[in-house]
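A.B. asks: Handing you a structure now.
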Amino acid sequence: MVDAKAPEGPIEERWARRRFEAKLVNPANRRAHTVIVVGTGLAGGAAGATLAEQGYRVLQFCYQDSPRRAHSIAAQGGINAAKNYRNDGDSVRRLFYDTVKGGDFRARESNVHRLAEVSVEIIDQCVAQGVPFAREYGGLLDTRSFGGVQVSRTFYARGQTGQQLLLGAYQALSRGIAAGSVEMRPRTEMLDLIVVDGRARGIVARDLVTGRIDTHLADAVVLATGGYGNVFHLSTNAKNSNATAIWRAHRRGALFANPCFTQIHPTCVPRSGDHQSKLTLMSESLRNDGRIWVPSQAGDTRAPADIPEDERDYYLERMYPSFGNLVPRDIASRAAKNVCDEGRGVGPGGQGVYLDFADALARLGRETVEARYGNLFEMYQRITDEDPYRVPMRIYPAIHYTMGGLWVDYDLATTIPGLFAIGEANFSDHGANRLGASALMQGLADGYFVLPATLADFLARHPHDEVPRDHPAVTDAVSEVTDRLYLLLSNNGDRSPESFHRELGELLWDTCGMSRSETGLRKALERIPELRAEFWRRVRVPGGGKSLNQSLEKANRVADYLELAELMCLDALHRAESCGGHFREESQTPDGEAARRDGEFTYAAAWEFTGPGSAPVLHREALEFSHVHPTQRSYA
């Protein structure tokens with residue numbers, strides 16, 4: 001694989017050069033172009049609003065009842081930007097360096113540098129929209145630190161940053177809706193991609209309230225549908241977050257890159273039992289002032305207040321003195337797992353570590369801590385019935401974000417002409433581990449600044465004819481969707497979709513989660529096809545297809561998970577190195593750190609779907625590092 005759109009020359013000039021070389025669409029001609037945007041999170045909402053403002057006709061879809069309920073609203077901690085308001089040595093260059101290093105040298109340099117450049121524009125855009133970022137006493141925007149960096153570059157709105165940023169994008173999108181340039185379709189789920197003469201020209205979607213199947217045609221399609229973390233069943237994602245849009249695009253010819261690169265977030269409320277259907281995230285920002293520790297001795301079940309200071313192990317501060325509790329997420333997560341595996345975990349089942357604010361409360365006072373984290377503390381107390389002002393929080397790693405996604409070039413275009421993927425739906429910017437507070441940055445960069453420039457270039461260079469609704473490619477796509485739904489509804493088995501999802505998630509967590517081994521992955525690759533065959537034989541979906549039917553929605557998504565999971569394990573098996581969130585037990589340093597194999601695996605793995613029951617084909621995109629040279633990551 002070669003990214004033909006990546007510009008040459010000095011890295012600081014590449015994005016400016018690409019924008020200048022891109023062809024433009026005359027403002028008077030933009031009204032003649034229709035663009036479909038699937039998803040209304042930060043990436044999708046920003047893209048829809050910006051394209052509408054530029055004059056395009058936008059058809060926008062979300063499965064929620066309102067665009068403002070997209071999962072971006074759940075992001076808590078902040079958004080990175082190289083503004084250097086603290087004058088602590090930050091710069092575009094340093095943000096670029098931290099992101100490439102934090103991604104364990106598996107991200108593209110050109111993309112990451114563009115992200116760092118655009119970050120400073122994002123903050124100005126959001127402030128102009130009225131996003132209420134926290135401010136210092138002097139009136140400047142406040143910042144705090146996140147994992148993997150030694151500067152303070154994360155802008156935040158208390159513990160509600162995602163919500164406030166999403167409301168900013170939603171306001172801009174609402175302007176387009178009111179003006180008639182955005183046609184909003186809520187409670188509608190994309191179920192397939194329409195490809196005509198090799199080009200993406202529309203989608204097949206189901207109205208989730210009435211069950212109606214419709215086709216929607218356009219000149220280009222943009223997927224902003226988030227990640228696929230819910231394939232693990234238990235994750236920090238909203239329950240309805242799913243992989244169907246990108247997976248159906250993959251089946252239509254879009255390559256899927258690095259599917260095994262999934263991120264484990266170290267700061268999650270531990271599971272309380274087998275009854276749980278999802279997990280809750282505590283913002284990484286808590287690691288600014290909270291100290292992480294476990295008892296020094298295995299089997300110590302005393303209450304935290306009864307364990308004296310000299311019998312506590314602040315293991316991140318001990319192992320990584322330069323970064324302490326703010327090491328990157330993959331390192332913090334593995335360290336937590338290791339101390340729990342040693343028998344020093346706390347809470348039910350020993351699956352937890354303490355996040356303690358006693359020192360911060362003594363140093364800063366309750367009022368200051370409450371101003372910074374009050375809503376997070378309140379949320380934790382409601383979930384656990386424990387007061388974190390009095391006793392330490394208990395946290396444990398959980399599936400959170402997916403660095404894999406549809407392969408895109410520098411223009412965010414997939415391998416299907418006319419199909420673009422933005423935000424978490426693509427793979428391009430984070431490598432093998434996403435640094436904290438970079439997801440919101442990437443989503444808004446793609447939506448507000450990158451896609452509007454590159455999509456215009458595509459439309460200007462690729463004239464098209466109108467697609468009739470009775471075109472064979474359109475009717476065939478509709479038939480495939482309706483046949484699949486009919487098969488699910490008429491199966492009349494004896495197992496619920498949820499039971500299959502739970503079994504698949506536990507298998508993936510055990511074999512392709514925080515650590516992977518060849519033995520475990522081969523076991524999963526044997527079991528997943530069996531489970532998939534059992535699903536189609538035994539799944540039972542009550543109700544019908546002509547009305548609201550959440551069991552049908554669930555079954556349809558689980559069917560896609562059962563295919564995606566196999567590709568994830570295959571990708572993890574082929575990548576016989578430890579890298580970022582991908583930790584292979586056979587590839588580690590003597591002190592238990594990840595051991596990359598740069599000579600063999602410095603590439604993005606892009607997989608091609610070759611048909612049901614056929615082995616996918618691997619394509620490799622070589623990654624070149626001329627500005628940040630790969631070295632063994634050290635945060636000591």
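Identifiers for the structure tokens are assigned positionally: chains receive A, B, ... in sequence, residues are indexed from 1 per chain, and ligands are indexed from 1 in the order shown.
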Wanna dump the region 22-111 of chain A-region 185-199 of chain A contacts at 10 Å for me, each residue with its shortest atom pair and the distance in Å to one decimal, counting only C-alpha atoms, ordered by chain and number, as JSON lines?

C.D. replies:
{"residue": "A:Val38", "atom": "CA", "partner": "A:Met190", "partner_atom": "CA", "distance": 7.5}
{"residue": "A:Gly39", "atom": "CA", "partner": "A:Glu189", "partner_atom": "CA", "distance": 9.4}
{"residue": "A:Thr40", "atom": "CA", "partner": "A:Pro186", "partner_atom": "CA", "distance": 9.5}
{"residue": "A:Leu59", "atom": "CA", "partner": "A:Arg185", "partner_atom": "CA", "distance": 7.5}
{"residue": "A:Gln60", "atom": "CA", "partner": "A:Arg185", "partner_atom": "CA", "distance": 6.0}
{"residue": "A:Phe61", "atom": "CA", "partner": "A:Arg185", "partner_atom": "CA", "distance": 4.8}
{"residue": "A:Cys62", "atom": "CA", "partner": "A:Pro186", "partner_atom": "CA", "distance": 4.9}
{"residue": "A:Tyr63", "atom": "CA", "partner": "A:Arg187", "partner_atom": "CA", "distance": 4.1}
{"residue": "A:Gln64", "atom": "CA", "partner": "A:Arg187", "partner_atom": "CA", "distance": 5.1}
{"residue": "A:Asp65", "atom": "CA", "partner": "A:Arg187", "partner_atom": "CA", "distance": 5.3}
{"residue": "A:Ser66", "atom": "CA", "partner": "A:Pro186", "partner_atom": "CA", "distance": 6.1}
{"residue": "A:Pro67", "atom": "CA", "partner": "A:Pro186", "partner_atom": "CA", "distance": 7.1}

A.B. asks: List the spatial neighbours of Ala82 (chain A) as number ranges by chain - criterion: any atom at most 12 Å away, only C-alpha atoms, same-chain residues fewer than 3 positions off excluded.

C.D. replies: A: 79, 85-99, 113-124, 143, 149, 151-155, 438, 441

A.B. asks: Would you pick out the contacts of Ala224 (chain A) at 9 Å or less, using only C-alpha atoms, so that residues sharing its chain but fewer than 5 positions from it are not included, and give the list as a PyMOL selection string?

C.D. replies: chain A and resi 37-45+47+420-426+443+447

A.B. asks: Let's have the selection written as a short mmCIF file (atom, residue, chain, number, x, y, z; two decimals), in the first residue's frame, with all heavy atoms.

C.D. replies:
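Once everything was written out, this is out01.cif:
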data_model
loop_
_atom_site.label_atom_id
_atom_site.label_comp_id
_atom_site.auth_asym_id
_atom_site.auth_seq_id
_atom_site.Cartn_x
_atom_site.Cartn_y
_atom_site.Cartn_z
N VAL A 37 -23.26 12.27 5.40
CA VAL A 37 -22.41 12.15 6.58
C VAL A 37 -23.13 11.23 7.57
O VAL A 37 -24.24 11.54 8.00
CB VAL A 37 -22.12 13.52 7.23
CG1 VAL A 37 -21.22 13.34 8.45
CG2 VAL A 37 -21.46 14.47 6.23
N VAL A 38 -22.49 10.13 7.91
CA VAL A 38 -23.08 9.17 8.86
C VAL A 38 -22.40 9.36 10.20
O VAL A 38 -21.20 9.12 10.34
CB VAL A 38 -22.91 7.73 8.36
CG1 VAL A 38 -23.65 6.76 9.28
CG2 VAL A 38 -23.42 7.58 6.92
N GLY A 39 -23.16 9.79 11.19
CA GLY A 39 -22.61 10.05 12.51
C GLY A 39 -22.65 11.52 12.84
O GLY A 39 -22.43 12.37 11.97
N THR A 40 -22.94 11.84 14.11
CA THR A 40 -23.04 13.24 14.53
C THR A 40 -22.21 13.52 15.78
O THR A 40 -22.49 14.45 16.53
CB THR A 40 -24.50 13.62 14.81
OG1 THR A 40 -25.04 12.74 15.81
CG2 THR A 40 -25.34 13.54 13.55
N GLY A 41 -21.17 12.69 16.02
CA GLY A 41 -20.24 13.01 17.09
C GLY A 41 -19.38 14.20 16.70
O GLY A 41 -19.72 14.97 15.79
N LEU A 42 -18.25 14.36 17.38
CA LEU A 42 -17.43 15.53 17.09
C LEU A 42 -16.96 15.55 15.64
O LEU A 42 -17.01 16.59 14.98
CB LEU A 42 -16.22 15.56 18.03
CG LEU A 42 -16.54 15.91 19.48
CD1 LEU A 42 -15.27 16.02 20.29
CD2 LEU A 42 -17.30 17.23 19.56
N ALA A 43 -16.51 14.41 15.12
CA ALA A 43 -16.05 14.39 13.73
C ALA A 43 -17.21 14.62 12.77
O ALA A 43 -17.15 15.49 11.89
CB ALA A 43 -15.36 13.06 13.42
N GLY A 44 -18.30 13.86 12.93
CA GLY A 44 -19.43 13.98 12.02
C GLY A 44 -20.16 15.31 12.14
O GLY A 44 -20.53 15.92 11.14
N GLY A 45 -20.38 15.75 13.38
CA GLY A 45 -21.06 17.02 13.58
C GLY A 45 -20.26 18.18 13.02
O GLY A 45 -20.82 19.08 12.36
N ALA A 47 -18.01 18.00 10.62
CA ALA A 47 -17.97 17.88 9.16
C ALA A 47 -19.29 18.36 8.55
O ALA A 47 -19.28 19.13 7.57
CB ALA A 47 -17.68 16.44 8.76
N PHE A 420 -15.16 8.44 2.45
CA PHE A 420 -14.21 9.02 3.38
C PHE A 420 -14.53 8.52 4.79
O PHE A 420 -15.70 8.25 5.12
CB PHE A 420 -14.28 10.55 3.35
CG PHE A 420 -13.83 11.14 2.03
CD1 PHE A 420 -14.67 11.12 0.92
CD2 PHE A 420 -12.58 11.72 1.90
CE1 PHE A 420 -14.27 11.65 -0.30
CE2 PHE A 420 -12.17 12.25 0.69
CZ PHE A 420 -13.02 12.23 -0.41
N ALA A 421 -13.51 8.39 5.62
CA ALA A 421 -13.70 7.99 7.02
C ALA A 421 -12.94 8.96 7.90
O ALA A 421 -11.76 9.24 7.67
CB ALA A 421 -13.20 6.56 7.25
N ILE A 422 -13.61 9.50 8.92
CA ILE A 422 -13.01 10.52 9.77
C ILE A 422 -13.18 10.14 11.24
O ILE A 422 -14.01 9.32 11.60
CB ILE A 422 -13.62 11.91 9.49
CG1 ILE A 422 -15.12 11.92 9.77
CG2 ILE A 422 -13.33 12.34 8.07
CD1 ILE A 422 -15.76 13.31 9.57
N GLY A 423 -12.36 10.75 12.09
CA GLY A 423 -12.41 10.47 13.52
C GLY A 423 -11.97 9.05 13.82
O GLY A 423 -11.10 8.48 13.15
N GLU A 424 -12.59 8.45 14.82
CA GLU A 424 -12.21 7.11 15.26
C GLU A 424 -12.53 6.04 14.22
O GLU A 424 -12.02 4.93 14.31
CB GLU A 424 -12.90 6.78 16.59
CG GLU A 424 -12.33 5.57 17.30
CD GLU A 424 -13.03 5.27 18.62
OE1 GLU A 424 -13.91 6.06 19.03
OE2 GLU A 424 -12.69 4.24 19.25
N ALA A 425 -13.33 6.37 13.23
CA ALA A 425 -13.68 5.39 12.20
C ALA A 425 -12.50 5.06 11.30
O ALA A 425 -12.52 4.05 10.61
CB ALA A 425 -14.85 5.90 11.36
N ASN A 426 -11.47 5.92 11.27
CA ASN A 426 -10.28 5.60 10.48
C ASN A 426 -9.12 5.23 11.39
O ASN A 426 -9.23 5.28 12.62
CB ASN A 426 -9.92 6.73 9.51
CG ASN A 426 -9.33 7.96 10.19
OD1 ASN A 426 -8.58 7.89 11.16
ND2 ASN A 426 -9.68 9.13 9.68
N GLY A 443 -10.96 14.18 16.07
CA GLY A 443 -12.30 14.29 15.53
C GLY A 443 -12.61 15.67 15.00
O GLY A 443 -13.14 15.83 13.89
N GLY A 447 -13.04 16.93 11.06
CA GLY A 447 -14.34 17.46 10.67
C GLY A 447 -14.33 18.92 10.28
O GLY A 447 -14.94 19.31 9.27
#

A.B. asks: Could you go through region 348-460 of chain A and tell me which residues DSSP, when run on the backbone, assigns to alpha helix (DSSP H), listing them as an MDAnalysis selection string?

C.D. replies: chainID A and resid 358:364 366:384 439:444 451:460

A.B. asks: List as an MDAnalysis selection string the protein and nucleic acid residues near Arg484 (chain A), meaning an atom at most 12 Å away when only C-alpha atoms are counted, but skip any in the same chain fewer than 6 places from it.

C.D. replies: chainID A and resid 191:192 477:478 490:491 536 545 552:553 555:557 559:560

A.B. asks: Restricted to all heavy atoms, what would the selected residues look like written as a CSV table (one decimal), in the first residue's frame?

C.D. replies:
chain,number,residue,atom,x,y,z
A,191,LEU,N,-27.0,0.5,7.2
A,191,LEU,CA,-26.8,-1.0,7.2
A,191,LEU,C,-26.0,-1.5,6.0
A,191,LEU,O,-25.7,-2.6,6.0
A,191,LEU,CB,-28.2,-1.7,7.2
A,191,LEU,CG,-29.1,-1.4,8.4
A,191,LEU,CD1,-30.3,-2.3,8.3
A,191,LEU,CD2,-28.3,-1.8,9.7
A,192,ASP,N,-25.8,-0.6,5.0
A,192,ASP,CA,-24.9,-1.0,3.9
A,192,ASP,C,-24.5,0.2,3.1
A,192,ASP,O,-25.1,1.3,3.2
A,192,ASP,CB,-25.6,-2.0,3.0
A,192,ASP,CG,-24.6,-3.0,2.3
A,192,ASP,OD1,-23.4,-2.7,2.3
A,192,ASP,OD2,-25.0,-4.1,1.8
A,477,ALA,N,-28.1,-4.0,-3.2
A,477,ALA,CA,-27.8,-3.6,-1.8
A,477,ALA,C,-29.0,-3.7,-0.9
A,477,ALA,O,-28.9,-4.2,0.2
A,477,ALA,CB,-27.1,-2.2,-1.7
A,478,VAL,N,-30.1,-3.2,-1.4
A,478,VAL,CA,-31.4,-3.3,-0.6
A,478,VAL,C,-31.8,-4.7,-0.3
A,478,VAL,O,-32.2,-5.1,0.8
A,478,VAL,CB,-32.5,-2.5,-1.3
A,478,VAL,CG1,-33.8,-2.7,-0.5
A,478,VAL,CG2,-32.2,-1.0,-1.3
A,490,SER,N,-36.5,-14.7,11.2
A,490,SER,CA,-37.2,-16.0,11.0
A,490,SER,C,-36.4,-17.2,11.6
A,490,SER,O,-36.9,-18.3,11.4
A,490,SER,CB,-37.4,-16.2,9.5
A,490,SER,OG,-36.2,-16.2,8.8
A,491,ASN,N,-35.3,-16.9,12.2
A,491,ASN,CA,-34.5,-18.0,12.6
A,491,ASN,C,-35.1,-18.9,13.7
A,491,ASN,O,-34.9,-20.1,13.8
A,491,ASN,CB,-33.1,-17.5,13.1
A,491,ASN,CG,-32.0,-18.5,13.1
A,491,ASN,OD1,-31.8,-19.2,12.1
A,491,ASN,ND2,-31.4,-18.7,14.3
A,536,TRP,N,-25.9,-18.1,13.8
A,536,TRP,CA,-26.9,-18.2,12.7
A,536,TRP,C,-27.8,-19.4,12.8
A,536,TRP,O,-28.9,-19.4,12.2
A,536,TRP,CB,-26.2,-18.2,11.3
A,536,TRP,CG,-25.6,-16.8,11.0
A,536,TRP,CD1,-24.3,-16.5,11.0
A,536,TRP,CD2,-26.3,-15.7,10.6
A,536,TRP,NE1,-24.1,-15.1,10.7
A,536,TRP,CE2,-25.4,-14.6,10.4
A,536,TRP,CE3,-27.7,-15.4,10.4
A,536,TRP,CZ2,-25.8,-13.3,10.1
A,536,TRP,CZ3,-28.1,-14.1,10.1
A,536,TRP,CH2,-27.1,-13.1,9.9
A,545,GLY,N,-40.0,-6.8,12.0
A,545,GLY,CA,-39.1,-5.8,11.4
A,545,GLY,C,-39.8,-4.5,11.0
A,545,GLY,O,-39.2,-3.6,10.5
A,552,LEU,N,-33.6,-6.8,17.2
A,552,LEU,CA,-33.1,-6.9,15.8
A,552,LEU,C,-31.9,-6.1,15.6
A,552,LEU,O,-30.9,-6.5,14.9
A,552,LEU,CB,-34.2,-6.5,14.9
A,552,LEU,CG,-33.9,-6.5,13.4
A,552,LEU,CD1,-33.5,-8.0,13.0
A,552,LEU,CD2,-35.1,-6.0,12.6
A,553,GLU,N,-31.9,-4.9,16.1
A,553,GLU,CA,-30.7,-4.0,16.0
A,553,GLU,C,-29.5,-4.7,16.6
A,553,GLU,O,-28.4,-4.7,16.0
A,553,GLU,CB,-30.9,-2.7,16.8
A,553,GLU,CG,-32.0,-1.8,16.2
A,553,GLU,CD,-32.3,-0.6,17.2
A,553,GLU,OE1,-31.4,-0.1,17.8
A,553,GLU,OE2,-33.5,-0.2,17.3
A,555,ALA,N,-29.0,-7.9,17.2
A,555,ALA,CA,-28.5,-9.1,16.5
A,555,ALA,C,-27.8,-8.8,15.2
A,555,ALA,O,-26.8,-9.4,14.9
A,555,ALA,CB,-29.8,-10.0,16.1
A,556,ASN,N,-28.2,-7.8,14.5
A,556,ASN,CA,-27.5,-7.3,13.3
A,556,ASN,C,-26.1,-6.9,13.6
A,556,ASN,O,-25.2,-7.2,12.8
A,556,ASN,CB,-28.3,-6.2,12.7
A,556,ASN,CG,-28.1,-6.0,11.2
A,556,ASN,OD1,-27.9,-7.0,10.5
A,556,ASN,ND2,-28.0,-4.8,10.8
A,557,ARG,N,-25.9,-6.2,14.7
A,557,ARG,CA,-24.6,-5.7,15.1
A,557,ARG,C,-23.7,-6.9,15.6
A,557,ARG,O,-22.5,-6.9,15.3
A,557,ARG,CB,-24.7,-4.6,16.2
A,557,ARG,CG,-25.5,-3.4,15.7
A,557,ARG,CD,-25.9,-2.5,16.9
A,557,ARG,NE,-26.7,-1.4,16.4
A,557,ARG,CZ,-27.4,-0.6,17.2
A,557,ARG,NH1,-27.4,-0.8,18.5
A,557,ARG,NH2,-28.1,0.4,16.7
A,559,ALA,N,-23.8,-9.9,14.6
A,559,ALA,CA,-23.4,-10.7,13.4
A,559,ALA,C,-22.2,-10.0,12.8
A,559,ALA,O,-21.3,-10.8,12.4
A,559,ALA,CB,-24.6,-10.7,12.4
A,560,ASP,N,-22.1,-8.7,12.8
A,560,ASP,CA,-20.9,-8.0,12.3
A,560,ASP,C,-19.7,-8.2,13.3
A,560,ASP,O,-18.6,-8.4,12.8
A,560,ASP,CB,-21.2,-6.6,12.1
A,560,ASP,CG,-22.1,-6.3,10.9
A,560,ASP,OD1,-22.1,-7.1,10.0
A,560,ASP,OD2,-22.9,-5.3,11.0

A.B. asks: Ranking A:Ile203, A:Val209, A:Val222, A:Val294 by minimum distance to Cys340 (chain A) and counting only C-alpha atoms, which one comes first?

C.D. replies: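 The answer is A:Val294, which sits nearest to Cys340 (chain A).
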
A.B. asks: Near Ala336 (chain A), counting only C-alpha atoms, which residues have an atom at most 8 Å away, once you skip same-chain residues fewer than 3 positions from it, shown as a ChimeraX atom specification?

C.D. replies: /A:266,332-333,339-340,352-353,396-397

A.B. asks: Take the residues from that selection and put them in a file with all heavy atoms, as a PDB file, in the first residue's frame.

C.D. replies:
ATOM      1  N   PRO A 266      -6.655   2.920  31.554  1.00  0.00           N
ATOM      2  CA  PRO A 266      -6.291   2.452  32.902  1.00  0.00           C
ATOM      3  C   PRO A 266      -7.204   2.934  34.016  1.00  0.00           C
ATOM      4  O   PRO A 266      -7.089   2.464  35.150  1.00  0.00           O
ATOM      5  CB  PRO A 266      -4.882   3.034  33.090  1.00  0.00           C
ATOM      6  CG  PRO A 266      -4.892   4.279  32.263  1.00  0.00           C
ATOM      7  CD  PRO A 266      -5.754   3.977  31.071  1.00  0.00           C
ATOM      8  N   ALA A 332       0.400   2.285  31.784  1.00  0.00           N
ATOM      9  CA  ALA A 332      -0.323   2.290  33.054  1.00  0.00           C
ATOM     10  C   ALA A 332      -1.246   1.081  33.163  1.00  0.00           C
ATOM     11  O   ALA A 332      -1.387   0.483  34.236  1.00  0.00           O
ATOM     12  CB  ALA A 332      -1.120   3.583  33.207  1.00  0.00           C
ATOM     13  N   SER A 333      -1.869   0.703  32.066  1.00  0.00           N
ATOM     14  CA  SER A 333      -2.804  -0.430  32.089  1.00  0.00           C
ATOM     15  C   SER A 333      -2.067  -1.743  32.356  1.00  0.00           C
ATOM     16  O   SER A 333      -2.506  -2.553  33.176  1.00  0.00           O
ATOM     17  CB  SER A 333      -3.559  -0.513  30.755  1.00  0.00           C
ATOM     18  OG  SER A 333      -4.381   0.615  30.572  1.00  0.00           O
ATOM     19  N   VAL A 339       0.360  -5.900  38.740  1.00  0.00           N
ATOM     20  CA  VAL A 339       0.311  -5.921  40.202  1.00  0.00           C
ATOM     21  C   VAL A 339      -0.902  -6.706  40.686  1.00  0.00           C
ATOM     22  O   VAL A 339      -0.856  -7.361  41.739  1.00  0.00           O
ATOM     23  CB  VAL A 339       0.324  -4.493  40.803  1.00  0.00           C
ATOM     24  CG1 VAL A 339       1.635  -3.794  40.491  1.00  0.00           C
ATOM     25  CG2 VAL A 339      -0.864  -3.666  40.352  1.00  0.00           C
ATOM     26  N   CYS A 340      -1.986  -6.680  39.929  1.00  0.00           N
ATOM     27  CA  CYS A 340      -3.157  -7.484  40.296  1.00  0.00           C
ATOM     28  C   CYS A 340      -2.866  -8.976  40.091  1.00  0.00           C
ATOM     29  O   CYS A 340      -3.275  -9.809  40.894  1.00  0.00           O
ATOM     30  CB  CYS A 340      -4.380  -7.056  39.494  1.00  0.00           C
ATOM     31  SG  CYS A 340      -5.019  -5.414  39.933  1.00  0.00           S
ATOM     32  N   GLY A 352      -8.450  -4.500  40.979  1.00  0.00           N
ATOM     33  CA  GLY A 352      -8.505  -3.062  41.130  1.00  0.00           C
ATOM     34  C   GLY A 352      -7.245  -2.530  41.782  1.00  0.00           C
ATOM     35  O   GLY A 352      -6.487  -3.275  42.431  1.00  0.00           O
ATOM     36  N   VAL A 353      -6.985  -1.235  41.564  1.00  0.00           N
ATOM     37  CA  VAL A 353      -5.902  -0.538  42.257  1.00  0.00           C
ATOM     38  C   VAL A 353      -6.492   0.762  42.791  1.00  0.00           C
ATOM     39  O   VAL A 353      -7.548   1.213  42.340  1.00  0.00           O
ATOM     40  CB  VAL A 353      -4.705  -0.251  41.320  1.00  0.00           C
ATOM     41  CG1 VAL A 353      -4.115  -1.541  40.775  1.00  0.00           C
ATOM     42  CG2 VAL A 353      -5.106   0.668  40.168  1.00  0.00           C
ATOM     43  N   TYR A 396      -9.562   0.034  37.374  1.00  0.00           N
ATOM     44  CA  TYR A 396      -8.944  -1.112  36.694  1.00  0.00           C
ATOM     45  C   TYR A 396      -9.062  -0.860  35.190  1.00  0.00           C
ATOM     46  O   TYR A 396     -10.010  -0.202  34.741  1.00  0.00           O
ATOM     47  CB  TYR A 396      -9.643  -2.423  37.069  1.00  0.00           C
ATOM     48  CG  TYR A 396      -8.878  -3.655  36.617  1.00  0.00           C
ATOM     49  CD1 TYR A 396      -7.680  -4.011  37.248  1.00  0.00           C
ATOM     50  CD2 TYR A 396      -9.329  -4.433  35.567  1.00  0.00           C
ATOM     51  CE1 TYR A 396      -6.966  -5.129  36.845  1.00  0.00           C
ATOM     52  CE2 TYR A 396      -8.612  -5.554  35.144  1.00  0.00           C
ATOM     53  CZ  TYR A 396      -7.426  -5.897  35.798  1.00  0.00           C
ATOM     54  OH  TYR A 396      -6.709  -6.995  35.385  1.00  0.00           O
ATOM     55  N   PRO A 397      -8.125  -1.357  34.393  1.00  0.00           N
ATOM     56  CA  PRO A 397      -8.163  -1.098  32.946  1.00  0.00           C
ATOM     57  C   PRO A 397      -9.386  -1.713  32.256  1.00  0.00           C
ATOM     58  O   PRO A 397      -9.919  -2.737  32.685  1.00  0.00           O
ATOM     59  CB  PRO A 397      -6.867  -1.746  32.435  1.00  0.00           C
ATOM     60  CG  PRO A 397      -5.974  -1.805  33.629  1.00  0.00           C
ATOM     61  CD  PRO A 397      -6.878  -2.043  34.791  1.00  0.00           C
TER      62      PRO A 397
END

A.B. asks: Skip Gly202 (chain A) itself and residues of its chain fewer than 5 positions away, then list as a list in words all residues within 8 Å of it, counting only C-alpha atoms.

C.D. replies: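 Listed by chain and then number, they are Ile36, Leu193, Ile194, Val195, Thr215, His216, Leu217, Ala218, Asp219, Ala220 and Val221 of chain A.
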
A.B. asks: Write a file of the just-selected residues containing N, CA and C atoms, as an mmCIF file, in the first residue's frame.

C.D. replies:
data_model
loop_
_atom_site.group_PDB
_atom_site.id
_atom_site.type_symbol
_atom_site.label_atom_id
_atom_site.label_comp_id
_atom_site.auth_asym_id
_atom_site.auth_seq_id
_atom_site.Cartn_x
_atom_site.Cartn_y
_atom_site.Cartn_z
ATOM 1 N N ILE A 36 -23.337 12.690 1.935
ATOM 2 C CA ILE A 36 -23.893 11.960 3.077
ATOM 3 C C ILE A 36 -22.858 11.916 4.189
ATOM 4 N N LEU A 193 -23.417 0.004 2.319
ATOM 5 C CA LEU A 193 -22.891 1.038 1.453
ATOM 6 C C LEU A 193 -23.278 0.706 0.008
ATOM 7 N N ILE A 194 -23.685 1.712 -0.736
ATOM 8 C CA ILE A 194 -24.021 1.526 -2.155
ATOM 9 C C ILE A 194 -22.816 1.956 -2.996
ATOM 10 N N VAL A 195 -22.269 1.020 -3.748
ATOM 11 C CA VAL A 195 -21.118 1.282 -4.604
ATOM 12 C C VAL A 195 -21.554 1.095 -6.053
ATOM 13 N N THR A 215 -33.085 3.902 0.600
ATOM 14 C CA THR A 215 -31.793 4.206 0.001
ATOM 15 C C THR A 215 -31.620 5.714 -0.048
ATOM 16 N N HIS A 216 -30.398 6.149 0.166
ATOM 17 C CA HIS A 216 -30.076 7.572 0.128
ATOM 18 C C HIS A 216 -28.844 7.728 -0.754
ATOM 19 N N LEU A 217 -28.948 8.529 -1.783
ATOM 20 C CA LEU A 217 -27.891 8.658 -2.785
ATOM 21 C C LEU A 217 -27.237 10.030 -2.696
ATOM 22 N N ALA A 218 -25.947 10.065 -3.046
ATOM 23 C CA ALA A 218 -25.186 11.308 -2.938
ATOM 24 C C ALA A 218 -23.960 11.222 -3.836
ATOM 25 N N ASP A 219 -23.169 12.284 -3.821
ATOM 26 C CA ASP A 219 -21.944 12.345 -4.614
ATOM 27 C C ASP A 219 -20.741 11.807 -3.853
ATOM 28 N N ALA A 220 -20.838 11.758 -2.524
ATOM 29 C CA ALA A 220 -19.772 11.215 -1.682
ATOM 30 C C ALA A 220 -20.384 10.807 -0.352
ATOM 31 N N VAL A 221 -19.731 9.888 0.332
ATOM 32 C CA VAL A 221 -20.199 9.389 1.624
ATOM 33 C C VAL A 221 -19.068 9.539 2.637
#

A.B. asks: Compile the contact shell of Met403 (chain A) as a VMD selection string: residues with an atom at most 6 Å away, counting only C-alpha atoms, same-chain residues fewer than 6 positions apart removed.

C.D. replies: chain A and resid 261 to 262 427

A.B. asks: When you count only C-alpha atoms, which of these residues is closest to Thr414 (chain A): A:Asn240, A:Ser428, A:Ser283, A:Val131?

C.D. replies: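 Smallest distance to Thr414 (chain A) is found for A:Ser428.
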
A.B. asks: Using only C-alpha atoms for the distances, tell me which of A:Gln150, A:Asn433, A:Asn80, A:Asn242 is nearest to Asn258 (chain A).

C.D. replies: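 Using only C-alpha atoms, Asn258 (chain A) sits closest to A:Asn433.
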
A.B. asks: Give me, please, the distance in Å between CA of Ala605 (chain A) and CA of Asp571 (chain A), quoted to one decimal.

C.D. replies: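 Computing it gives 7.7 Å between the two atoms.
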
A.B. asks: Enumerate as a ChimeraX atom specification all residues of region 374-522 of chain A assigned to strand (DSSP E) by DSSP on the backbone, naming them with the chain letters and numbers the document uses.

C.D. replies: /A:393-402,405-406,419-421

A.B. asks: Of the candidates A:Ala238, A:Ala413, A:Ala636, A:Ala74, which one gets nearest to Phe323 (chain A) if we count only C-alpha atoms?

C.D. replies: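 The closest residue to Phe323 (chain A) is A:Ala636.
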